[in-house]
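Data from upload_4.cif: mmCIF, C-alpha atoms and all ligand atoms
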```cif
data_model
loop_
_atom_site.label_atom_id
_atom_site.label_comp_id
_atom_site.auth_asym_id
_atom_site.auth_seq_id
_atom_site.Cartn_x
_atom_site.Cartn_y
_atom_site.Cartn_z
CA MET A 1 -5.58 19.43 -9.85
CA LYS A 2 -6.59 17.52 -12.96
CA ALA A 3 -5.46 13.89 -13.01
CA ARG A 4 -5.05 13.79 -16.78
CA THR A 5 -2.89 16.92 -16.90
CA LEU A 6 -0.69 15.56 -14.14
CA GLN A 7 -0.20 12.26 -15.91
CA LEU A 8 1.02 13.99 -19.03
CA ALA A 9 3.16 16.62 -17.35
CA HIS A 10 5.06 14.58 -14.75
CA ALA A 11 7.14 11.46 -14.43
CA VAL A 12 4.77 9.04 -12.76
CA PRO A 13 6.30 6.52 -10.31
CA ARG A 14 5.70 2.97 -11.50
CA HIS A 15 5.45 1.53 -8.01
CA VAL A 16 3.87 3.51 -5.19
CA ALA A 17 3.82 2.04 -1.69
CA ILE A 18 1.81 3.59 1.12
CA ILE A 19 1.94 3.23 4.90
CA MET A 20 -1.63 4.17 5.72
CA ASP A 21 -1.21 5.70 9.15
CA GLY A 22 -3.47 7.90 11.25
CA ASN A 23 -6.82 6.12 11.26
CA GLY A 24 -6.87 6.05 15.05
CA ARG A 25 -6.02 9.74 15.39
CA TRP A 26 -8.64 10.65 12.79
CA ALA A 27 -11.27 8.83 14.86
CA GLN A 28 -10.01 10.27 18.14
CA GLN A 29 -10.22 13.83 16.79
CA ARG A 30 -13.90 13.20 16.11
CA GLY A 31 -14.70 11.46 19.39
CA LEU A 32 -15.18 8.14 17.56
CA ILE A 33 -13.82 4.68 18.34
CA ARG A 34 -10.69 3.57 16.44
CA GLN A 35 -12.68 1.13 14.31
CA GLU A 36 -14.52 4.09 12.76
CA GLY A 37 -11.15 5.46 11.71
CA HIS A 38 -10.37 2.20 9.94
CA ARG A 39 -13.74 2.31 8.20
CA ALA A 40 -12.94 5.77 6.91
CA GLY A 41 -9.49 4.42 6.00
CA ALA A 42 -11.07 1.73 3.83
CA LYS A 43 -12.85 4.48 1.86
CA ALA A 44 -9.52 6.18 1.35
CA VAL A 45 -8.17 2.87 -0.01
CA ARG A 46 -10.82 2.96 -2.73
CA ARG A 47 -9.91 6.56 -3.58
CA ALA A 48 -6.20 5.70 -3.72
CA VAL A 49 -6.86 2.80 -6.08
CA GLN A 50 -8.97 4.95 -8.39
CA ALA A 51 -6.43 7.77 -8.33
CA SER A 52 -3.54 5.37 -9.05
CA CYS A 53 -5.42 4.12 -12.10
CA LYS A 54 -5.99 7.67 -13.30
CA TYR A 55 -2.39 8.75 -12.83
CA GLY A 56 -0.99 5.68 -14.55
CA VAL A 57 0.75 4.07 -11.57
CA ALA A 58 1.56 0.42 -12.42
CA THR A 59 1.75 -1.05 -8.91
CA LEU A 60 0.23 0.17 -5.65
CA THR A 61 1.21 -1.62 -2.44
CA LEU A 62 -0.80 -0.77 0.67
CA TYR A 63 0.22 -1.67 4.23
CA ALA A 64 -3.11 -2.91 5.52
CA PHE A 65 -2.00 -4.98 8.52
CA SER A 66 1.50 -5.53 9.82
CA SER A 67 2.58 -8.70 11.59
CA ASP A 68 3.00 -6.52 14.68
CA ASN A 69 -0.62 -5.34 14.49
CA TRP A 70 -1.72 -8.63 16.10
CA LYS A 71 -0.71 -6.93 19.36
CA ARG A 72 -3.69 -4.57 19.07
CA PRO A 73 -6.88 -5.17 21.08
CA GLN A 74 -8.94 -8.06 19.77
CA PRO A 75 -12.00 -5.94 18.78
CA GLU A 76 -9.78 -3.70 16.64
CA VAL A 77 -8.09 -6.69 14.95
CA GLU A 78 -11.50 -8.24 14.28
CA ALA A 79 -12.81 -4.99 12.82
CA LEU A 80 -9.82 -4.80 10.47
CA MET A 81 -10.31 -8.41 9.34
CA LEU A 82 -13.99 -7.63 8.67
CA LEU A 83 -12.98 -4.63 6.58
CA PHE A 84 -10.61 -6.78 4.47
CA ARG A 85 -13.37 -9.31 4.07
CA HIS A 86 -15.82 -6.63 2.99
CA PHE A 87 -13.28 -5.13 0.61
CA LEU A 88 -12.56 -8.49 -1.04
CA ILE A 89 -16.26 -9.19 -1.47
CA THR A 90 -17.42 -5.79 -2.68
CA GLU A 91 -14.50 -4.48 -4.71
CA ILE A 92 -13.92 -7.28 -7.21
CA GLU A 93 -16.46 -5.94 -9.70
CA GLU A 94 -14.98 -2.45 -9.59
CA CYS A 95 -11.47 -3.92 -9.94
CA LEU A 96 -12.51 -5.91 -12.98
CA ARG A 97 -14.11 -2.80 -14.49
CA GLU A 98 -11.02 -0.68 -13.87
CA GLY A 99 -8.46 -3.37 -14.78
CA VAL A 100 -7.08 -3.77 -11.27
CA ARG A 101 -5.32 -7.00 -10.35
CA ILE A 102 -5.41 -7.86 -6.64
CA ARG A 103 -2.57 -9.66 -4.89
CA VAL A 104 -2.32 -10.16 -1.15
CA ILE A 105 1.19 -10.36 0.29
CA GLY A 106 2.19 -11.53 3.75
CA ARG A 107 1.51 -14.61 5.85
CA ARG A 108 -1.79 -16.40 5.40
CA ASP A 109 -1.55 -19.09 8.05
CA ARG A 110 -2.63 -16.78 10.91
CA LEU A 111 -5.52 -15.08 9.10
CA PRO A 112 -9.13 -16.02 9.87
CA ARG A 113 -9.82 -19.17 7.86
CA THR A 114 -12.85 -17.64 6.16
CA LEU A 115 -10.66 -14.94 4.63
CA ILE A 116 -8.45 -17.35 2.66
CA PRO A 117 -10.98 -18.43 -0.02
CA LEU A 118 -11.97 -14.78 -0.49
CA ILE A 119 -8.34 -13.80 -1.05
CA GLU A 120 -7.85 -16.66 -3.49
CA LYS A 121 -11.06 -15.78 -5.34
CA ALA A 122 -10.12 -12.10 -5.64
CA GLU A 123 -6.65 -12.99 -6.90
CA MET A 124 -7.96 -15.55 -9.37
CA GLU A 125 -10.79 -13.46 -10.77
CA THR A 126 -8.63 -10.38 -11.29
CA ALA A 127 -5.57 -12.28 -12.54
CA GLY A 128 -6.06 -11.07 -16.11
CA CYS A 129 -6.22 -7.35 -15.19
CA THR A 130 -3.23 -5.31 -16.32
CA ARG A 131 -3.92 -1.61 -15.65
CA LEU A 132 -2.91 -1.57 -11.98
CA LEU A 133 -1.46 -4.23 -9.70
CA LEU A 134 -2.93 -3.62 -6.25
CA ARG A 135 -0.92 -5.42 -3.57
CA LEU A 136 -2.45 -5.53 -0.12
CA ALA A 137 0.06 -6.31 2.62
CA VAL A 138 -1.78 -8.27 5.30
CA ASP A 139 0.00 -9.95 8.24
CA TYR A 140 3.07 -8.59 6.53
CA SER A 141 6.61 -8.21 7.85
CA SER A 142 9.36 -7.20 5.47
CA ARG A 143 11.98 -8.91 7.61
CA ASP A 144 10.02 -12.17 7.42
CA ALA A 145 9.62 -11.77 3.65
CA ILE A 146 13.36 -11.21 3.28
CA VAL A 147 14.23 -14.24 5.40
CA GLN A 148 11.84 -16.34 3.33
CA ALA A 149 13.24 -15.09 0.01
CA ALA A 150 16.78 -15.72 1.25
CA ALA A 151 15.92 -19.35 1.89
CA THR A 152 15.23 -20.01 -1.80
CA ALA A 153 16.80 -17.27 -3.94
CA ARG A 154 20.45 -17.65 -4.98
CA THR A 155 20.99 -14.42 -6.91
CA ARG A 156 19.95 -10.79 -6.51
CA GLU A 157 17.54 -11.22 -9.41
CA GLU A 158 15.89 -14.26 -7.83
CA PHE A 159 15.73 -12.38 -4.56
CA SER A 160 14.02 -9.40 -6.15
CA ALA A 161 11.66 -11.66 -8.08
CA ALA A 162 10.64 -13.40 -4.85
CA LEU A 163 9.93 -10.09 -3.10
CA GLY A 164 8.37 -7.96 -5.86
CA PRO A 165 9.17 -4.80 -7.78
CA ASP A 166 11.37 -2.01 -6.42
CA VAL A 167 9.40 0.86 -4.90
CA ASP A 168 9.74 4.24 -6.63
CA LEU A 169 7.73 6.32 -4.20
CA LEU A 170 6.95 5.48 -0.60
CA ILE A 171 4.36 7.64 1.14
CA ARG A 172 3.63 7.52 4.86
CA THR A 173 0.70 9.54 6.16
CA ALA A 174 0.13 11.04 9.62
CA GLY A 175 3.55 12.54 10.21
CA GLU A 176 5.60 9.66 11.57
CA GLN A 177 8.92 9.18 9.78
CA ARG A 178 9.78 5.48 9.88
CA LEU A 179 9.41 2.38 7.71
CA SER A 180 7.91 0.04 10.31
CA ASP A 181 9.16 -3.21 8.71
CA TYR A 182 7.65 -2.35 5.31
CA LEU A 183 9.28 -3.26 1.98
CA LEU A 184 12.79 -2.76 3.35
CA TRP A 185 14.62 -4.39 0.43
CA GLU A 186 12.27 -2.98 -2.21
CA CYS A 187 12.71 0.58 -0.88
CA ALA A 188 16.51 0.57 -1.37
CA TYR A 189 16.27 3.52 -3.82
CA ALA A 190 12.72 4.67 -3.18
CA GLU A 191 11.90 8.33 -2.77
CA LEU A 192 10.47 8.68 0.73
CA MET A 193 7.64 11.07 1.42
CA PHE A 194 6.17 11.74 4.84
CA VAL A 195 2.98 13.75 4.81
CA GLU A 196 1.02 15.19 7.71
CA GLU A 197 -2.42 14.24 6.41
CA LEU A 198 -4.14 11.41 8.27
CA TRP A 199 -4.91 8.40 6.07
CA PRO A 200 -8.73 8.85 6.02
CA GLU A 201 -8.15 12.35 4.60
CA PHE A 202 -5.93 11.12 1.76
CA ASP A 203 -7.51 11.58 -1.66
CA GLU A 204 -6.80 11.94 -5.36
CA ALA A 205 -5.30 15.40 -4.91
CA SER A 206 -3.02 14.10 -2.13
CA LEU A 207 -1.63 11.41 -4.42
CA GLY A 208 -1.34 13.95 -7.23
CA ALA A 209 0.64 16.29 -4.99
CA ALA A 210 2.98 13.47 -3.93
CA ILE A 211 3.57 12.46 -7.55
CA GLU A 212 4.30 16.07 -8.45
CA VAL A 213 6.93 16.34 -5.70
CA TYR A 214 8.35 12.97 -6.78
CA SER A 215 8.67 14.12 -10.37
CA ARG A 216 10.80 17.08 -9.24
CA ARG A 217 13.22 14.94 -7.26
CA GLU A 218 16.35 13.76 -8.95
CA ARG A 219 16.93 10.04 -8.67
CA ARG A 220 20.59 9.13 -9.03
CA PHE A 221 20.73 5.50 -7.84
CA GLY A 222 24.24 6.12 -6.54
CA GLY A 223 25.41 7.78 -9.79
CA LEU A 224 25.90 11.46 -10.55
CA ALA A 225 23.36 14.13 -11.37
CA ALA A 226 22.56 14.24 -15.11
CA LYS A 227 24.41 17.58 -15.63
CA GLN A 228 27.51 16.42 -13.67
CA SER A 229 27.96 13.26 -15.71
CA ALA A 230 27.51 15.02 -19.11
C1 LIG B 301 -2.71 2.61 10.87
O1 LIG B 301 -3.44 3.59 11.56
C2 LIG B 301 -3.59 1.80 10.04
C3 LIG B 301 -3.75 0.46 10.19
C4 LIG B 301 -3.03 -0.33 11.18
C5 LIG B 301 -4.70 -0.30 9.34
C6 LIG B 301 -4.88 0.14 7.92
C7 LIG B 301 -6.23 -0.28 7.47
C8 LIG B 301 -7.05 0.41 6.66
C9 LIG B 301 -6.66 1.64 6.01
C10 LIG B 301 -8.46 -0.01 6.44
C11 LIG B 301 -8.74 -1.27 5.76
C12 LIG B 301 -7.92 -1.61 4.58
C13 LIG B 301 -8.37 -2.27 3.47
C14 LIG B 301 -7.39 -2.73 2.48
C15 LIG B 301 -9.78 -2.51 3.21
P1 LIG B 301 -3.41 3.61 13.14
O2 LIG B 301 -4.58 2.84 13.63
O3 LIG B 301 -2.10 3.10 13.63
O4 LIG B 301 -3.57 5.13 13.43
P2 LIG B 301 -2.97 5.94 14.67
O5 LIG B 301 -1.47 5.87 14.56
O6 LIG B 301 -3.50 7.32 14.47
O7 LIG B 301 -3.49 5.28 15.91
#
```

What is this file in structure tokens?
Amino acid sequence: MKARTLQLAHAVPRHVAIIMDGNGRWAQQRGLIRQEGHRAGAKAVRRAVQASCKYGVATLTLYAFSSDNWKRPQPEVEALMLLFRHFLITEIEECLREGVRIRVIGRRDRLPRTLIPLIEKAEMETAGCTRLLLRLAVDYSSRDAIVQAAATARTREEFSAALGPDVDLLIRTAGEQRLSDYLLWECAYAELMFVEELWPEFDEASLGAAIEVYSRRERRFGGLAAKQSA
């Protein structure tokens, strides 16, 4: 499937959010430790960013580490933190080249202290990029984000501004069909797509296929279908 053709022929979702599930199963299928699955998952992150740029997606939000993931074994948590660290160090140049702005959402007070300056640096250096907004959700809980927004916002608009843009297309890989405390407010009218592929297998064609299905769905936002309201 050619990225350029797809971009011209289909309605591209402005905001794509992905629950990157299945790294552990991918590793298990190959007799590898779970950390190897996450390493392969990090490669899929790079592919998803590149593909989002090609297809003209405006915002890509990736669920990298949920607030509940702290319950995982310490070596796995440490491996994930090392992968974020590596990503923040090695990907800035590519992001600047491609016009990708990095934002990290979620709590920062429980992250390893060495990660914070790297996050701030990545956000600062890419602040002027406008092609794609890449939001990495790390130590993220949508319920926490909602509670926090509710403490300051007085109107729906302020609430939405505090949380971020509405999601158009939510993709979860690896077959499970649940939201797992991810972008609950922002997904109010999102098209939900659950695919069987494991996250490390996800590539440009996978995103293209999801966008194609999205473009064939009719979004009504509580109204009527176009032909019924004519
Ligand atoms: C879920 O798979 C995945 C995660 C909890 C972590 C996601 C992390 C990455 C994709 C890699 C690093 C990311 C960046 C941004 C560099 P799982 O472990 O729950 O899989 P399973 O359900 O098959 O066990």

Using only C-alpha atoms, pick whichever of A:Pro75, A:Arg143, A:Leu88, A:Thr59 has the shortest atom-to-atom distance to Leu115 of chain A.
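Looking only at the distances to Leu115 of chain A, the closest residue turns out to be A:Leu88.
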
Padding 5 Å on every side, please: axis-aligned box over the listed atoms of segment 210-224 of chain A, centre and edge lengths to one decimal in Å, as JSON.
```
{"center_x": 14.4, "center_y": 11.3, "center_z": -7.2, "size_x": 32.9, "size_y": 21.6, "size_z": 16.6}
```

Between atom CA of Ile171 of chain A and atom CA of Tyr214 of chain A - distance in Å to one decimal
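Atom CA of Tyr214 of chain A sits 10.3 Å away from atom CA of Ile171 of chain A.
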
Select from segment 41-134 of chain A every residue with an atom at most 9 Å from any atom of segment 198-210 of chain A, then for each give the shortest pair of atoms and their distance in Å to one decimal, using all atoms listed in the file, rows by chain and rising number, as a Markdown table.
```
| residue | atom | partner | partner_atom | distance |
| --- | --- | --- | --- | --- |
| A:Gly41 | CA | A:Pro200 | CA | 4.5 |
| A:Ala42 | CA | A:Pro200 | CA | 7.8 |
| A:Lys43 | CA | A:Pro200 | CA | 7.3 |
| A:Ala44 | CA | A:Pro200 | CA | 5.4 |
| A:Val45 | CA | A:Pro200 | CA | 8.5 |
| A:Arg47 | CA | A:Asp203 | CA | 5.9 |
| A:Ala48 | CA | A:Asp203 | CA | 6.4 |
| A:Gln50 | CA | A:Glu204 | CA | 7.9 |
| A:Ala51 | CA | A:Glu204 | CA | 5.1 |
| A:Ser52 | CA | A:Leu207 | CA | 7.8 |
| A:Tyr55 | CA | A:Gly208 | CA | 7.7 |
```

List all protein, DNA and RNA residues that have any atom at most 8 Å from ligand LIG 301 (chain B), counting all atoms listed in the file, and write the list as number ranges by chain.
A: 19-27, 34, 37-45, 62-66, 69, 80, 83-88, 136, 174, 198-200

Could you work out how far atom CA of Phe194 of chain A lies from atom CA of Val100 of chain A, giving the answer in Å with one decimal?
26.0 Å

Take atom CA of Tyr140 of chain A and atom CA of Cys53 of chain A and report the distance between them in Å, one decimal.
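Those two atoms sit 24.1 Å apart.
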
Which residues are close to Arg135 of chain A, i.e. within 7 Å by all atoms listed in the file, leaving aside same-chain residues fewer than 5 positions away? Reply as a PyMOL selection string.
chain A and resi 60-62+102-105

Final all heavy atoms of segment 176-187 of chain A as a PDB file, keeping the file's coordinate frame:
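Output contents, as saved in result-v8.pdb:
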```
ATOM      1  N   GLU A 176       4.487  10.462  11.063  1.00  0.00           N
ATOM      2  CA  GLU A 176       5.600   9.660  11.570  1.00  0.00           C
ATOM      3  C   GLU A 176       6.612   9.406  10.452  1.00  0.00           C
ATOM      4  O   GLU A 176       6.219   9.219   9.296  1.00  0.00           O
ATOM      5  CB  GLU A 176       5.077   8.307  12.075  1.00  0.00           C
ATOM      6  CG  GLU A 176       5.269   8.070  13.553  1.00  0.00           C
ATOM      7  CD  GLU A 176       4.258   8.821  14.404  1.00  0.00           C
ATOM      8  OE1 GLU A 176       3.071   8.483  14.358  1.00  0.00           O
ATOM      9  OE2 GLU A 176       4.686   9.752  15.103  1.00  0.00           O
ATOM     10  N   GLN A 177       7.900   9.366  10.817  1.00  0.00           N
ATOM     11  CA  GLN A 177       8.920   9.180   9.780  1.00  0.00           C
ATOM     12  C   GLN A 177       9.706   7.896  10.045  1.00  0.00           C
ATOM     13  O   GLN A 177      10.828   7.939  10.543  1.00  0.00           O
ATOM     14  CB  GLN A 177       9.843  10.396   9.727  1.00  0.00           C
ATOM     15  CG  GLN A 177       9.054  11.662   9.471  1.00  0.00           C
ATOM     16  CD  GLN A 177       9.910  12.831   9.051  1.00  0.00           C
ATOM     17  OE1 GLN A 177      11.116  12.712   8.892  1.00  0.00           O
ATOM     18  NE2 GLN A 177       9.285  13.980   8.870  1.00  0.00           N
ATOM     19  N   ARG A 178       9.093   6.769   9.751  1.00  0.00           N
ATOM     20  CA  ARG A 178       9.780   5.480   9.880  1.00  0.00           C
ATOM     21  C   ARG A 178       9.156   4.478   8.917  1.00  0.00           C
ATOM     22  O   ARG A 178       8.059   4.699   8.398  1.00  0.00           O
ATOM     23  CB  ARG A 178       9.742   4.973  11.319  1.00  0.00           C
ATOM     24  CG  ARG A 178       8.366   4.920  11.911  1.00  0.00           C
ATOM     25  CD  ARG A 178       8.358   4.322  13.314  1.00  0.00           C
ATOM     26  NE  ARG A 178       7.043   4.476  13.902  1.00  0.00           N
ATOM     27  CZ  ARG A 178       6.718   5.409  14.806  1.00  0.00           C
ATOM     28  NH1 ARG A 178       7.616   6.262  15.240  1.00  0.00           N
ATOM     29  NH2 ARG A 178       5.491   5.479  15.275  1.00  0.00           N
ATOM     30  N   LEU A 179       9.878   3.359   8.709  1.00  0.00           N
ATOM     31  CA  LEU A 179       9.410   2.380   7.710  1.00  0.00           C
ATOM     32  C   LEU A 179       8.620   1.223   8.319  1.00  0.00           C
ATOM     33  O   LEU A 179       7.907   0.511   7.599  1.00  0.00           O
ATOM     34  CB  LEU A 179      10.594   1.824   6.905  1.00  0.00           C
ATOM     35  CG  LEU A 179      11.274   2.832   5.966  1.00  0.00           C
ATOM     36  CD1 LEU A 179      12.416   2.169   5.205  1.00  0.00           C
ATOM     37  CD2 LEU A 179      10.274   3.433   4.973  1.00  0.00           C
ATOM     38  N   SER A 180       8.736   1.033   9.613  1.00  0.00           N
ATOM     39  CA  SER A 180       7.910   0.040  10.310  1.00  0.00           C
ATOM     40  C   SER A 180       7.871  -1.333   9.618  1.00  0.00           C
ATOM     41  O   SER A 180       6.797  -1.893   9.397  1.00  0.00           O
ATOM     42  CB  SER A 180       6.485   0.570  10.506  1.00  0.00           C
ATOM     43  OG  SER A 180       6.504   1.770  11.213  1.00  0.00           O
ATOM     44  N   ASP A 181       9.050  -1.856   9.262  1.00  0.00           N
ATOM     45  CA  ASP A 181       9.160  -3.210   8.710  1.00  0.00           C
ATOM     46  C   ASP A 181       8.381  -3.377   7.400  1.00  0.00           C
ATOM     47  O   ASP A 181       7.766  -4.408   7.161  1.00  0.00           O
ATOM     48  CB  ASP A 181       8.679  -4.237   9.768  1.00  0.00           C
ATOM     49  CG  ASP A 181       9.188  -5.647   9.488  1.00  0.00           C
ATOM     50  OD1 ASP A 181      10.055  -5.817   8.602  1.00  0.00           O
ATOM     51  OD2 ASP A 181       8.698  -6.584  10.146  1.00  0.00           O
ATOM     52  N   TYR A 182       8.418  -2.337   6.571  1.00  0.00           N
ATOM     53  CA  TYR A 182       7.650  -2.350   5.310  1.00  0.00           C
ATOM     54  C   TYR A 182       8.597  -2.292   4.113  1.00  0.00           C
ATOM     55  O   TYR A 182       9.383  -1.335   3.988  1.00  0.00           O
ATOM     56  CB  TYR A 182       6.708  -1.142   5.296  1.00  0.00           C
ATOM     57  CG  TYR A 182       5.651  -1.170   4.216  1.00  0.00           C
ATOM     58  CD1 TYR A 182       4.906  -2.320   3.953  1.00  0.00           C
ATOM     59  CD2 TYR A 182       5.360  -0.030   3.475  1.00  0.00           C
ATOM     60  CE1 TYR A 182       3.911  -2.326   2.994  1.00  0.00           C
ATOM     61  CE2 TYR A 182       4.362  -0.028   2.514  1.00  0.00           C
ATOM     62  CZ  TYR A 182       3.641  -1.185   2.278  1.00  0.00           C
ATOM     63  OH  TYR A 182       2.657  -1.196   1.322  1.00  0.00           O
ATOM     64  N   LEU A 183       8.590  -3.269   3.274  1.00  0.00           N
ATOM     65  CA  LEU A 183       9.280  -3.260   1.980  1.00  0.00           C
ATOM     66  C   LEU A 183      10.722  -2.759   2.090  1.00  0.00           C
ATOM     67  O   LEU A 183      11.150  -1.908   1.300  1.00  0.00           O
ATOM     68  CB  LEU A 183       8.475  -2.386   0.987  1.00  0.00           C
ATOM     69  CG  LEU A 183       7.009  -2.799   0.782  1.00  0.00           C
ATOM     70  CD1 LEU A 183       6.266  -1.752  -0.036  1.00  0.00           C
ATOM     71  CD2 LEU A 183       6.882  -4.168   0.108  1.00  0.00           C
ATOM     72  N   LEU A 184      11.452  -3.290   3.050  1.00  0.00           N
ATOM     73  CA  LEU A 184      12.790  -2.760   3.350  1.00  0.00           C
ATOM     74  C   LEU A 184      13.771  -2.955   2.195  1.00  0.00           C
ATOM     75  O   LEU A 184      14.523  -2.047   1.841  1.00  0.00           O
ATOM     76  CB  LEU A 184      13.329  -3.416   4.631  1.00  0.00           C
ATOM     77  CG  LEU A 184      12.445  -3.220   5.865  1.00  0.00           C
ATOM     78  CD1 LEU A 184      13.012  -3.979   7.045  1.00  0.00           C
ATOM     79  CD2 LEU A 184      12.286  -1.741   6.205  1.00  0.00           C
ATOM     80  N   TRP A 185      13.747  -4.114   1.577  1.00  0.00           N
ATOM     81  CA  TRP A 185      14.620  -4.390   0.430  1.00  0.00           C
ATOM     82  C   TRP A 185      14.163  -3.582  -0.793  1.00  0.00           C
ATOM     83  O   TRP A 185      14.955  -2.941  -1.484  1.00  0.00           O
ATOM     84  CB  TRP A 185      14.606  -5.899   0.130  1.00  0.00           C
ATOM     85  CG  TRP A 185      15.227  -6.309  -1.159  1.00  0.00           C
ATOM     86  CD1 TRP A 185      14.668  -6.245  -2.401  1.00  0.00           C
ATOM     87  CD2 TRP A 185      16.547  -6.844  -1.348  1.00  0.00           C
ATOM     88  NE1 TRP A 185      15.531  -6.717  -3.343  1.00  0.00           N
ATOM     89  CE2 TRP A 185      16.693  -7.094  -2.728  1.00  0.00           C
ATOM     90  CE3 TRP A 185      17.601  -7.155  -0.476  1.00  0.00           C
ATOM     91  CZ2 TRP A 185      17.857  -7.635  -3.263  1.00  0.00           C
ATOM     92  CZ3 TRP A 185      18.766  -7.702  -1.022  1.00  0.00           C
ATOM     93  CH2 TRP A 185      18.880  -7.925  -2.401  1.00  0.00           C
ATOM     94  N   GLU A 186      12.851  -3.596  -1.012  1.00  0.00           N
ATOM     95  CA  GLU A 186      12.270  -2.980  -2.210  1.00  0.00           C
ATOM     96  C   GLU A 186      12.393  -1.455  -2.184  1.00  0.00           C
ATOM     97  O   GLU A 186      12.267  -0.795  -3.205  1.00  0.00           O
ATOM     98  CB  GLU A 186      10.787  -3.366  -2.342  1.00  0.00           C
ATOM     99  CG  GLU A 186      10.521  -4.856  -2.497  1.00  0.00           C
ATOM    100  CD  GLU A 186      10.308  -5.556  -1.160  1.00  0.00           C
ATOM    101  OE1 GLU A 186      11.039  -5.283  -0.184  1.00  0.00           O
ATOM    102  OE2 GLU A 186       9.399  -6.398  -1.096  1.00  0.00           O
ATOM    103  N   CYS A 187      12.614  -0.879  -1.003  1.00  0.00           N
ATOM    104  CA  CYS A 187      12.710   0.580  -0.880  1.00  0.00           C
ATOM    105  C   CYS A 187      14.159   1.075  -0.950  1.00  0.00           C
ATOM    106  O   CYS A 187      14.427   2.246  -0.644  1.00  0.00           O
ATOM    107  CB  CYS A 187      12.090   1.071   0.431  1.00  0.00           C
ATOM    108  SG  CYS A 187      10.298   1.199   0.334  1.00  0.00           S
TER     109      CYS A 187
END
```
